[in-house]
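Visitor: Take a look at the following structure, please.
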Amino acid sequence: MQEIRNIAVIAHVDHGKTTLVDGLLTQSGTFSDRDKLDERMMDSNVLERERGITILSKNTAIHYKGVKINIIDTPGHADFGGEVERVLKMVDGVLLLVDAQEGVMPQTKFVVKKALSFGLCPIVVVNKIDKPAAQPDRVVDEVFDLFVAMGASDAQLDFPVIYAAAREGYAIRDLHEEKKNLEPLFETILSHVHAPSGALEDPLQMQVFTLDYDNYVGKIGIVRVFNGRVRKGESVLLVKSDGSKESGKITKLIGFLGLARMEIEEARVGDIVAVAGFNAVDVGDSVVDPNNPQPLDPMHLEEPTMSVYFSINDSPLAGTEGKHVTANKLKDRLLKEMQTNIAMQCEEMGEGKFKVSGRGELQITILAENLRREGFEFSISRPEVIVKVENGVRLEPFEHLVIDAPQDFGGVVIERLGKRKAEMKAMNPIGDGYTRLEFEIPARGLIGYRGEFLSDTKGEGVMNHSFLEFRPFSGSVEARKNGALVSMENGQASAFSLFNIQERGALFITPQTKVYVGMVIGEHSRDNDLEVNPIKTKHLTNMRASGSDDAIKLTPPKNMALERALEWIEEDEILEVTPLSLRIRKKVLDPTARRRAKK
């Protein structure tokens with residue numbers, strides 16, 4: 001029987017997980033020389049490639065010296081923490097990647113806490129040691145301190161350290177060794193990660209840890225076989241997390257090797273494979289032997305902390321730019337998303353309105369961006385945090401926030417966050433004239449802060465945050481200080497008019513943009529909303545006036561990408577999203593009705 005090792009790669013976002021998996025795939029000899037390989041080949045989704053982040057955990061398998069190593073590449077963003085947690089239950093070891101310059105970051109703490117709580121003994125890989133400002137020794141000390149703070153056992157504290165530069169394709173055990181290839185890492189995986197426990201003779205036990213969808217086969221569950229063996233066509237029993245049972249048949253069994261998936265006849269204890277044959281399969285379900293059912297413990301999934309309302313687009317320009325504009329189309333697409341994305345929830349709130357809850361803004365904006373690219377038109381409201389009530393106390397989610405900013409900007413960051421109910425926990429210099437600030441802040445306080453933070457630090461600051469816990473409600477948080485410039489006419493914006501309006505604030509639109517009554521065309525420099533006419537043109541006469549006919553100079557508009565626009569809007573505004581445009585508008589378009597509602 002073939003030897004197996006199951007490992008996951010965990011780290012903070014952008015510390016090089018996917019690049020390392022690429023290196024392992026390439027150097028294991030899994031591919032032949034004529035296979036053309038891309039960079040970050042595990043990031044197969046278009047948005048993953050564009051943003052350089054992993055959104056969905058993915059699995060692959062390689063062969064090294066006769067051992068099959070199943071590797072799961074996990075996301076590093078806090079919004080996808082649910083993915084990481086499930087994956088860790090399926091593996092027997094983890095590679096913890098830490099950037100040799102940045103060191104331990106918020107998400108590193110999050111994934112380490114999870115890995116240690118499952119009793120896994122990590123292999124620490126200090127990556128990017130080729131960076132000029134790398135300090136590998138300091139980073140190893142930081143990781144050790146983190147393990148101690150998280151209550152690691154003696155076995156977990158005795159972790160092996162590998163120094164690597166994944167992009168250059170080498171790993172070394174000691175900083176003075178010759179840099180050849182990734183062999184030291186392969187050898188450490190074989191010696192340090194134990195083979196899967198479980199017995200081939202025992203009754204079948206498999207658990208689903210992630211879902212996939214295929215138009216021909218329907219729902220596919222990706223499972224790990226904990227005991228026994230399973231063959232294609234075999235009758236099995238699906239045990240749901242609530243204890244209900246459903247008998248069925250394995251119609252397809254799919255194995256992984258490199259980037260390929262192939263149909264297989266049999267899977268054995270320790271294997272990670274995909275199975276089809278159940279419509280109602282969900283994450284955490286067990287697939288067991290019908291004659292001797294022994295289901296595994298169901299998984300705990302982290303609850304959502306933020307929600308937004310998706311609704312059909314009802315603006316005056318509705319239906320002019322998208323393919324899918326009806327409530328039914330939107331509902332079907334959102335429900336399809338919920339089939340595979342178990343960290344999100346969707347409920348219908350009435351005709352054409354849906355409440356979508358997730359782990360954070362990024363997760364929700366990724367969904368909105370995907371819908372937009374598929375030709376959907378819809379509107380989306382300002383994100384709200386989900387408040388729970390326990391024993392009569394209102395609780396809201398808090399985040400652990402880490403900011404790296406140039407020293408000169410530390411004061412302004414602390415002042416701004418103080419108004420947003422943040423509590424500073426630590427402040428340390430990290431070299432190169434930068435300071436690291438650590439805060440605990442209500443998740444509400446972070447909504448709308450990123451844009452402000454980038455302007456305050458002249459684009460040089462970096463902020464990261466991860467979910468901490470639910471705590472008692474902390475009172476009101478400072479909202480947006482500026483009002484909006486709202487169009488009072490329908491038509492096309494003219495350069496002449498925008499030139500006069502730009503003195504009143506920052507514009508979001510360019511000349512020739514279609515506008516309508518109630519559409520927000522810019523940010524007012526004061527705290528009140530101002531109604532403006534963006535379509536007025538200059539009256540033509542046959543007299544040439546000296547000086548007033550000079551060329552009109554317009555300041556470039558403020559670029560409002562999806563995330564930034566969603567953070568900027570207030571309670572009385574919504575974001576209209578179409579495949580071609582993003583428009584901010586008032587919920588109530590008519591100015592008279594708006595004033596009445598405000599009173």
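Following the order of the structure tokens, first chain is A, next is B, and so on, with residues numbered from 1 inside each chain and ligands from 1 in the order they appear.
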Which of segment 389-423 of chain A counts as strand (DSSP E or B) under DSSP, as an MDAnalysis selection string please?
Guide: chainID A and resid 389:390 393:406 423
Visitor: Tell me, as a list in words, which residues lie within 9 Å of Asp130 of chain A, counting only C-alpha atoms; anything in the same chain fewer than 5 positions away does not count.
Guide: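 Those residues are Ala100, Ala164, Ala165 and Glu168 of chain A.
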Visitor: Using only C-alpha atoms, which residues sit within 12 Å of Val412 of chain A once same-chain residues fewer than 5 positions away are excluded, as a PyMOL selection string?
Guide: chain A and resi 405-407+417-419+452-458+461
Visitor: For the residues selected in the previous step, produce a file with all heavy atoms as a tab-separated table (two decimals), in the first residue's frame.
Guide:
```tsv
chain	number	residue	atom	x	y	z
A	405	ALA	N	3.08	51.74	9.53
A	405	ALA	CA	3.05	53.05	8.88
A	405	ALA	C	4.37	53.78	9.14
A	405	ALA	O	5.02	53.54	10.15
A	405	ALA	CB	1.88	53.87	9.43
A	406	PRO	N	4.76	54.70	8.22
A	406	PRO	CA	5.96	55.52	8.48
A	406	PRO	C	5.77	56.28	9.80
A	406	PRO	O	4.65	56.70	10.13
A	406	PRO	CB	5.98	56.49	7.29
A	406	PRO	CG	5.22	55.79	6.21
A	406	PRO	CD	4.17	54.99	6.90
A	407	GLN	N	6.88	56.42	10.57
A	407	GLN	CA	6.80	57.01	11.92
A	407	GLN	C	6.06	58.35	11.96
A	407	GLN	O	5.29	58.62	12.88
A	407	GLN	CB	8.22	57.20	12.47
A	407	GLN	CG	8.79	55.90	12.98
A	407	GLN	CD	10.31	55.93	13.10
A	407	GLN	OE1	10.94	56.90	12.74
A	407	GLN	NE2	10.87	54.84	13.59
A	417	LEU	N	-8.17	56.58	14.74
A	417	LEU	CA	-8.73	55.33	15.23
A	417	LEU	C	-9.35	55.50	16.62
A	417	LEU	O	-10.30	54.80	16.96
A	417	LEU	CB	-7.66	54.23	15.24
A	417	LEU	CG	-7.31	53.70	13.85
A	417	LEU	CD1	-6.08	52.81	13.90
A	417	LEU	CD2	-8.48	52.91	13.25
A	418	GLY	N	-8.83	56.47	17.39
A	418	GLY	CA	-9.41	56.74	18.71
A	418	GLY	C	-10.87	57.15	18.58
A	418	GLY	O	-11.73	56.74	19.37
A	419	LYS	N	-11.18	57.95	17.53
A	419	LYS	CA	-12.56	58.39	17.30
A	419	LYS	C	-13.44	57.23	16.85
A	419	LYS	O	-14.66	57.32	16.89
A	419	LYS	CB	-12.58	59.49	16.24
A	419	LYS	CG	-11.96	60.78	16.73
A	419	LYS	CD	-11.96	61.83	15.64
A	419	LYS	CE	-11.33	63.14	16.13
A	419	LYS	NZ	-11.08	64.06	15.03
A	452	GLU	N	-9.57	56.55	4.07
A	452	GLU	CA	-9.03	57.62	4.91
A	452	GLU	C	-7.58	57.30	5.30
A	452	GLU	O	-6.71	58.17	5.29
A	452	GLU	CB	-9.90	57.65	6.18
A	452	GLU	CG	-10.12	59.01	6.77
A	452	GLU	CD	-11.16	58.93	7.89
A	452	GLU	OE1	-12.37	58.95	7.59
A	452	GLU	OE2	-10.75	58.80	9.05
A	453	PHE	N	-7.36	56.03	5.65
A	453	PHE	CA	-6.03	55.58	6.09
A	453	PHE	C	-5.00	55.77	4.97
A	453	PHE	O	-3.89	56.24	5.20
A	453	PHE	CB	-6.13	54.11	6.50
A	453	PHE	CG	-4.80	53.43	6.72
A	453	PHE	CD1	-4.02	53.74	7.83
A	453	PHE	CD2	-4.33	52.48	5.82
A	453	PHE	CE1	-2.79	53.12	8.03
A	453	PHE	CE2	-3.11	51.86	6.01
A	453	PHE	CZ	-2.34	52.17	7.12
A	454	LEU	N	-5.39	55.42	3.74
A	454	LEU	CA	-4.45	55.55	2.62
A	454	LEU	C	-4.10	57.01	2.38
A	454	LEU	O	-2.94	57.34	2.10
A	454	LEU	CB	-5.02	54.90	1.35
A	454	LEU	CG	-5.05	53.37	1.40
A	454	LEU	CD1	-5.80	52.80	0.21
A	454	LEU	CD2	-3.64	52.78	1.43
A	455	SER	N	-5.10	57.93	2.50
A	455	SER	CA	-4.75	59.34	2.29
A	455	SER	C	-3.90	59.86	3.46
A	455	SER	O	-2.96	60.61	3.26
A	455	SER	CB	-5.96	60.24	2.09
A	455	SER	OG	-7.15	59.56	2.26
A	456	ASP	N	-4.22	59.43	4.70
A	456	ASP	CA	-3.46	59.90	5.86
A	456	ASP	C	-2.00	59.47	5.82
A	456	ASP	O	-1.12	60.16	6.31
A	456	ASP	CB	-4.09	59.38	7.17
A	456	ASP	CG	-5.39	60.09	7.49
A	456	ASP	OD1	-5.65	61.14	6.88
A	456	ASP	OD2	-6.14	59.59	8.35
A	457	THR	N	-1.73	58.27	5.25
A	457	THR	CA	-0.34	57.77	5.25
A	457	THR	C	0.30	57.93	3.88
A	457	THR	O	1.30	57.28	3.57
A	457	THR	CB	-0.30	56.28	5.65
A	457	THR	OG1	-1.10	55.53	4.72
A	457	THR	CG2	-0.83	56.04	7.05
A	458	LYS	N	-0.30	58.77	3.03
A	458	LYS	CA	0.20	59.02	1.66
A	458	LYS	C	0.42	57.71	0.88
A	458	LYS	O	1.36	57.57	0.11
A	458	LYS	CB	1.54	59.79	1.71
A	458	LYS	CG	1.53	61.05	2.54
A	458	LYS	CD	1.12	62.26	1.71
A	458	LYS	CE	1.30	63.56	2.43
A	458	LYS	NZ	0.36	63.77	3.55
A	461	GLY	N	1.12	53.29	4.11
A	461	GLY	CA	0.77	52.43	5.25
A	461	GLY	C	0.17	51.12	4.79
A	461	GLY	O	-0.39	51.01	3.71
```
Visitor: What does the distance from atom CA of Val577 of chain A to atom CA of Ala597 of chain A come to in Å, to one decimal?
Guide: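 Value for the atom CA of Val577 of chain A-atom CA of Ala597 of chain A distance: 24.8 Å.
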Visitor: Measure the distance from atom CA of Glu201 of chain A to atom CA of Arg224 of chain A in Å and round it to one decimal.
Guide: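 One can read the atom CA of Glu201 of chain A to atom CA of Arg224 of chain A distance as 16.4 Å.
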Visitor: Which residue out of A:Val143, A:Leu185, A:Ile430, A:Leu575 has the minimum interatomic distance to Gly169 of chain A when only C-alpha atoms are used?
Guide: A:Leu185
Visitor: Using DSSP secondary structure from the backbone, list all alpha helix (DSSP H) positions within segment 207-337 of chain A, as a list in words.
Guide: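 Taking segment 207-337 of chain A and keeping alpha helix (DSSP H) gives Ala327, Asn328, Lys329, Leu330, Lys331, Asp332, Arg333, Leu334, Leu335, Lys336 and Glu337 of chain A.
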Visitor: May I have the selected residues written with N, CA and C atoms, as an mmCIF file, in the first residue's frame?
Guide:
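What ended up in again-v6.cif:
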```cif
data_model
loop_
_atom_site.group_PDB
_atom_site.id
_atom_site.type_symbol
_atom_site.label_atom_id
_atom_site.label_comp_id
_atom_site.auth_asym_id
_atom_site.auth_seq_id
_atom_site.Cartn_x
_atom_site.Cartn_y
_atom_site.Cartn_z
ATOM 1 N N ALA A 327 -35.217 39.752 -10.542
ATOM 2 C CA ALA A 327 -35.053 39.244 -9.171
ATOM 3 C C ALA A 327 -34.807 37.734 -9.178
ATOM 4 N N ASN A 328 -35.482 37.004 -10.083
ATOM 5 C CA ASN A 328 -35.317 35.544 -10.114
ATOM 6 C C ASN A 328 -33.901 35.136 -10.479
ATOM 7 N N LYS A 329 -33.338 35.838 -11.477
ATOM 8 C CA LYS A 329 -31.962 35.533 -11.886
ATOM 9 C C LYS A 329 -30.987 35.769 -10.735
ATOM 10 N N LEU A 330 -31.185 36.901 -10.034
ATOM 11 C CA LEU A 330 -30.298 37.253 -8.916
ATOM 12 C C LEU A 330 -30.431 36.220 -7.793
ATOM 13 N N LYS A 331 -31.676 35.829 -7.514
ATOM 14 C CA LYS A 331 -31.921 34.848 -6.445
ATOM 15 C C LYS A 331 -31.238 33.512 -6.775
ATOM 16 N N ASP A 332 -31.421 33.029 -8.022
ATOM 17 C CA ASP A 332 -30.814 31.740 -8.415
ATOM 18 C C ASP A 332 -29.300 31.782 -8.265
ATOM 19 N N ARG A 333 -28.708 32.915 -8.685
ATOM 20 C CA ARG A 333 -27.236 33.012 -8.644
ATOM 21 C C ARG A 333 -26.734 33.062 -7.199
ATOM 22 N N LEU A 334 -27.439 33.791 -6.337
ATOM 23 C CA LEU A 334 -27.014 33.873 -4.927
ATOM 24 C C LEU A 334 -27.157 32.508 -4.248
ATOM 25 N N LEU A 335 -28.240 31.782 -4.564
ATOM 26 C CA LEU A 335 -28.432 30.462 -3.952
ATOM 27 C C LEU A 335 -27.379 29.475 -4.450
ATOM 28 N N LYS A 336 -26.976 29.627 -5.726
ATOM 29 C CA LYS A 336 -25.924 28.751 -6.268
ATOM 30 C C LYS A 336 -24.604 29.006 -5.520
ATOM 31 N N GLU A 337 -24.350 30.288 -5.209
ATOM 32 C CA GLU A 337 -23.133 30.644 -4.473
ATOM 33 C C GLU A 337 -23.148 29.992 -3.084
#
```
Visitor: Have a look at atom CA of His465 of chain A and atom CA of Arg436 of chain A and let me know their distance in Å, one decimal.
Guide: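 Distance reported for this atom pair: 12.9 Å.
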Visitor: Skip Val517 of chain A itself and residues of its chain fewer than 6 positions away, then list as number ranges by chain all residues within 9 Å of it, counting only C-alpha atoms.
Guide: A: 316, 486-490, 585, 589-591
Visitor: When you count only C-alpha atoms, which of these residues is closest to Ile569 of chain A: A:Pro160, A:Gly448, A:Pro557, A:Gly352?
Guide: A:Gly448
Visitor: Pick out the residues sitting within 10 Å of Lys249 of chain A, and hand them over as a PyMOL selection string; count only C-alpha atoms, and ignore anything fewer than 5 positions along from it in its own chain.
Guide: chain A and resi 231-238+275-278
Visitor: For Lys586 of chain A, which residue among A:Asn181, A:Asn70, A:Ser153, A:Ser381 is the nearest when counting only C-alpha atoms?
Guide: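 Among the listed residues, the smallest separation from Lys586 of chain A belongs to A:Ser381.
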Visitor: Quick one: everything within 8 Å of segment 476-483 of chain A, counting only C-alpha atoms, minus sequence neighbours fewer than 6 positions away in the same chain. Send it as a list of chain:residue names.
Guide: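 What passes the distance filter is A:Lys419, A:Arg420, A:Lys421, A:Arg444, A:Gly445, A:Gly448, A:Glu523, A:His524, A:Ser525, A:Arg526, A:Asp527, A:Asn528, A:Asp529, A:Leu530, A:Trp568, A:Glu570.
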Visitor: Those residues with all heavy atoms, as a tab-separated table (two decimals), in the first residue's frame please?
Guide:
```
chain	number	residue	atom	x	y	z
A	419	LYS	N	-11.18	57.95	17.53
A	419	LYS	CA	-12.56	58.39	17.30
A	419	LYS	C	-13.44	57.23	16.85
A	419	LYS	O	-14.66	57.32	16.89
A	419	LYS	CB	-12.58	59.49	16.24
A	419	LYS	CG	-11.96	60.78	16.73
A	419	LYS	CD	-11.96	61.83	15.64
A	419	LYS	CE	-11.33	63.14	16.13
A	419	LYS	NZ	-11.08	64.06	15.03
A	420	ARG	N	-12.79	56.16	16.39
A	420	ARG	CA	-13.56	54.99	15.93
A	420	ARG	C	-13.58	53.90	17.01
A	420	ARG	O	-13.73	52.72	16.69
A	420	ARG	CB	-12.95	54.46	14.62
A	420	ARG	CG	-13.20	55.41	13.44
A	420	ARG	CD	-12.39	55.00	12.22
A	420	ARG	NE	-12.77	55.80	11.07
A	420	ARG	CZ	-13.71	55.46	10.19
A	420	ARG	NH1	-14.36	54.34	10.35
A	420	ARG	NH2	-13.99	56.22	9.16
A	421	LYS	N	-13.33	54.31	18.27
A	421	LYS	CA	-13.43	53.40	19.43
A	421	LYS	C	-12.34	52.31	19.43
A	421	LYS	O	-12.56	51.22	19.97
A	421	LYS	CB	-14.81	52.72	19.48
A	421	LYS	CG	-15.98	53.67	19.70
A	421	LYS	CD	-16.12	54.02	21.17
A	421	LYS	CE	-17.41	54.72	21.48
A	421	LYS	NZ	-17.50	56.09	21.03
A	444	ARG	N	-17.33	47.69	13.24
A	444	ARG	CA	-18.02	48.86	12.68
A	444	ARG	C	-17.05	50.00	12.43
A	444	ARG	O	-17.19	50.78	11.50
A	444	ARG	CB	-19.07	49.39	13.68
A	444	ARG	CG	-20.36	48.65	13.68
A	444	ARG	CD	-21.28	49.26	14.72
A	444	ARG	NE	-20.64	49.34	16.03
A	444	ARG	CZ	-20.76	50.37	16.86
A	444	ARG	NH1	-21.49	51.41	16.54
A	444	ARG	NH2	-20.16	50.36	18.04
A	445	GLY	N	-16.06	50.13	13.32
A	445	GLY	CA	-15.11	51.23	13.23
A	445	GLY	C	-14.20	51.13	12.02
A	445	GLY	O	-13.60	52.11	11.58
A	448	GLY	N	-15.26	51.88	6.14
A	448	GLY	CA	-15.01	53.22	5.63
A	448	GLY	C	-13.68	53.82	6.05
A	448	GLY	O	-13.38	54.96	5.73
A	523	GLU	N	-17.88	64.07	-3.78
A	523	GLU	CA	-17.87	64.25	-2.32
A	523	GLU	C	-17.80	65.74	-2.03
A	523	GLU	O	-16.90	66.43	-2.51
A	523	GLU	CB	-16.65	63.52	-1.74
A	523	GLU	CG	-16.54	63.60	-0.24
A	523	GLU	CD	-15.34	62.81	0.28
A	523	GLU	OE1	-14.19	63.17	-0.03
A	523	GLU	OE2	-15.57	61.83	1.01
A	524	HIS	N	-18.75	66.26	-1.25
A	524	HIS	CA	-18.78	67.68	-0.89
A	524	HIS	C	-17.63	67.98	0.08
A	524	HIS	O	-17.28	67.14	0.90
A	524	HIS	CB	-20.14	67.99	-0.24
A	524	HIS	CG	-20.41	69.45	-0.11
A	524	HIS	ND1	-21.43	69.94	0.66
A	524	HIS	CD2	-19.80	70.53	-0.64
A	524	HIS	CE1	-21.44	71.27	0.59
A	524	HIS	NE2	-20.45	71.64	-0.19
A	525	SER	N	-17.08	69.20	-0.01
A	525	SER	CA	-15.99	69.53	0.91
A	525	SER	C	-16.50	69.85	2.32
A	525	SER	O	-15.73	69.93	3.25
A	525	SER	CB	-15.19	70.72	0.37
A	525	SER	OG	-16.09	71.77	0.07
A	526	ARG	N	-17.83	70.01	2.46
A	526	ARG	CA	-18.42	70.25	3.79
A	526	ARG	C	-19.23	69.03	4.22
A	526	ARG	O	-19.32	68.07	3.48
A	526	ARG	CB	-19.32	71.48	3.74
A	526	ARG	CG	-18.55	72.68	3.25
A	526	ARG	CD	-19.18	73.96	3.63
A	526	ARG	NE	-18.31	75.07	3.28
A	526	ARG	CZ	-18.73	76.31	3.21
A	526	ARG	NH1	-19.99	76.58	3.46
A	526	ARG	NH2	-17.90	77.27	2.89
A	527	ASP	N	-19.87	69.13	5.42
A	527	ASP	CA	-20.53	67.93	5.94
A	527	ASP	C	-21.97	67.75	5.49
A	527	ASP	O	-22.62	66.79	5.86
A	527	ASP	CB	-20.44	67.90	7.48
A	527	ASP	CG	-21.13	69.11	8.09
A	527	ASP	OD1	-21.70	69.92	7.33
A	527	ASP	OD2	-21.09	69.25	9.33
A	528	ASN	N	-22.49	68.70	4.67
A	528	ASN	CA	-23.88	68.54	4.23
A	528	ASN	C	-23.94	68.11	2.76
A	528	ASN	O	-22.99	68.29	2.01
A	528	ASN	CB	-24.65	69.86	4.41
A	528	ASN	CG	-24.02	70.96	3.57
A	528	ASN	OD1	-22.80	71.12	3.54
A	528	ASN	ND2	-24.84	71.71	2.85
A	529	ASP	N	-25.09	67.52	2.35
A	529	ASP	CA	-25.29	67.18	0.94
A	529	ASP	C	-25.59	68.45	0.16
A	529	ASP	O	-26.28	69.34	0.67
A	529	ASP	CB	-26.46	66.20	0.78
A	529	ASP	CG	-26.10	64.81	1.31
A	529	ASP	OD1	-24.91	64.60	1.60
A	529	ASP	OD2	-27.01	63.96	1.45
A	530	LEU	N	-25.12	68.52	-1.08
A	530	LEU	CA	-25.37	69.70	-1.91
A	530	LEU	C	-25.90	69.24	-3.26
A	530	LEU	O	-25.33	68.36	-3.90
A	530	LEU	CB	-24.05	70.46	-2.11
A	530	LEU	CG	-24.14	71.75	-2.93
A	530	LEU	CD1	-24.88	72.83	-2.15
A	530	LEU	CD2	-22.74	72.26	-3.28
A	568	TRP	N	-17.48	53.90	1.32
A	568	TRP	CA	-17.76	55.35	1.36
A	568	TRP	C	-19.23	55.65	1.64
A	568	TRP	O	-19.55	56.60	2.32
A	568	TRP	CB	-17.32	55.97	0.03
A	568	TRP	CG	-17.40	57.47	0.02
A	568	TRP	CD1	-16.46	58.34	0.50
A	568	TRP	CD2	-18.48	58.28	-0.48
A	568	TRP	NE1	-16.89	59.64	0.33
A	568	TRP	CE2	-18.13	59.63	-0.27
A	568	TRP	CE3	-19.70	58.00	-1.07
A	568	TRP	CZ2	-18.94	60.70	-0.64
A	568	TRP	CZ3	-20.53	59.06	-1.43
A	568	TRP	CH2	-20.15	60.39	-1.22
A	570	GLU	N	-23.14	55.98	2.81
A	570	GLU	CA	-23.78	56.08	4.12
A	570	GLU	C	-25.11	55.32	4.10
A	570	GLU	O	-25.53	54.80	3.08
A	570	GLU	CB	-24.02	57.56	4.46
A	570	GLU	CG	-22.78	58.27	4.99
A	570	GLU	CD	-22.26	57.69	6.30
A	570	GLU	OE1	-23.08	57.13	7.07
A	570	GLU	OE2	-21.06	57.79	6.58
```
Visitor: Identify which of the residues A:Phe508, A:Tyr516, A:Tyr309, A:Phe118 lies closest to Pro556 of chain A, counting only C-alpha atoms when measuring atom-to-atom distances.
Guide: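 For Pro556 of chain A, the nearest of the candidates is A:Phe508.
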Visitor: Of the candidates A:Gly505, A:Gly491, A:Pro397, A:Pro136, which one gets nearest to Leu446 of chain A if we count only C-alpha atoms?
Guide: A:Pro397
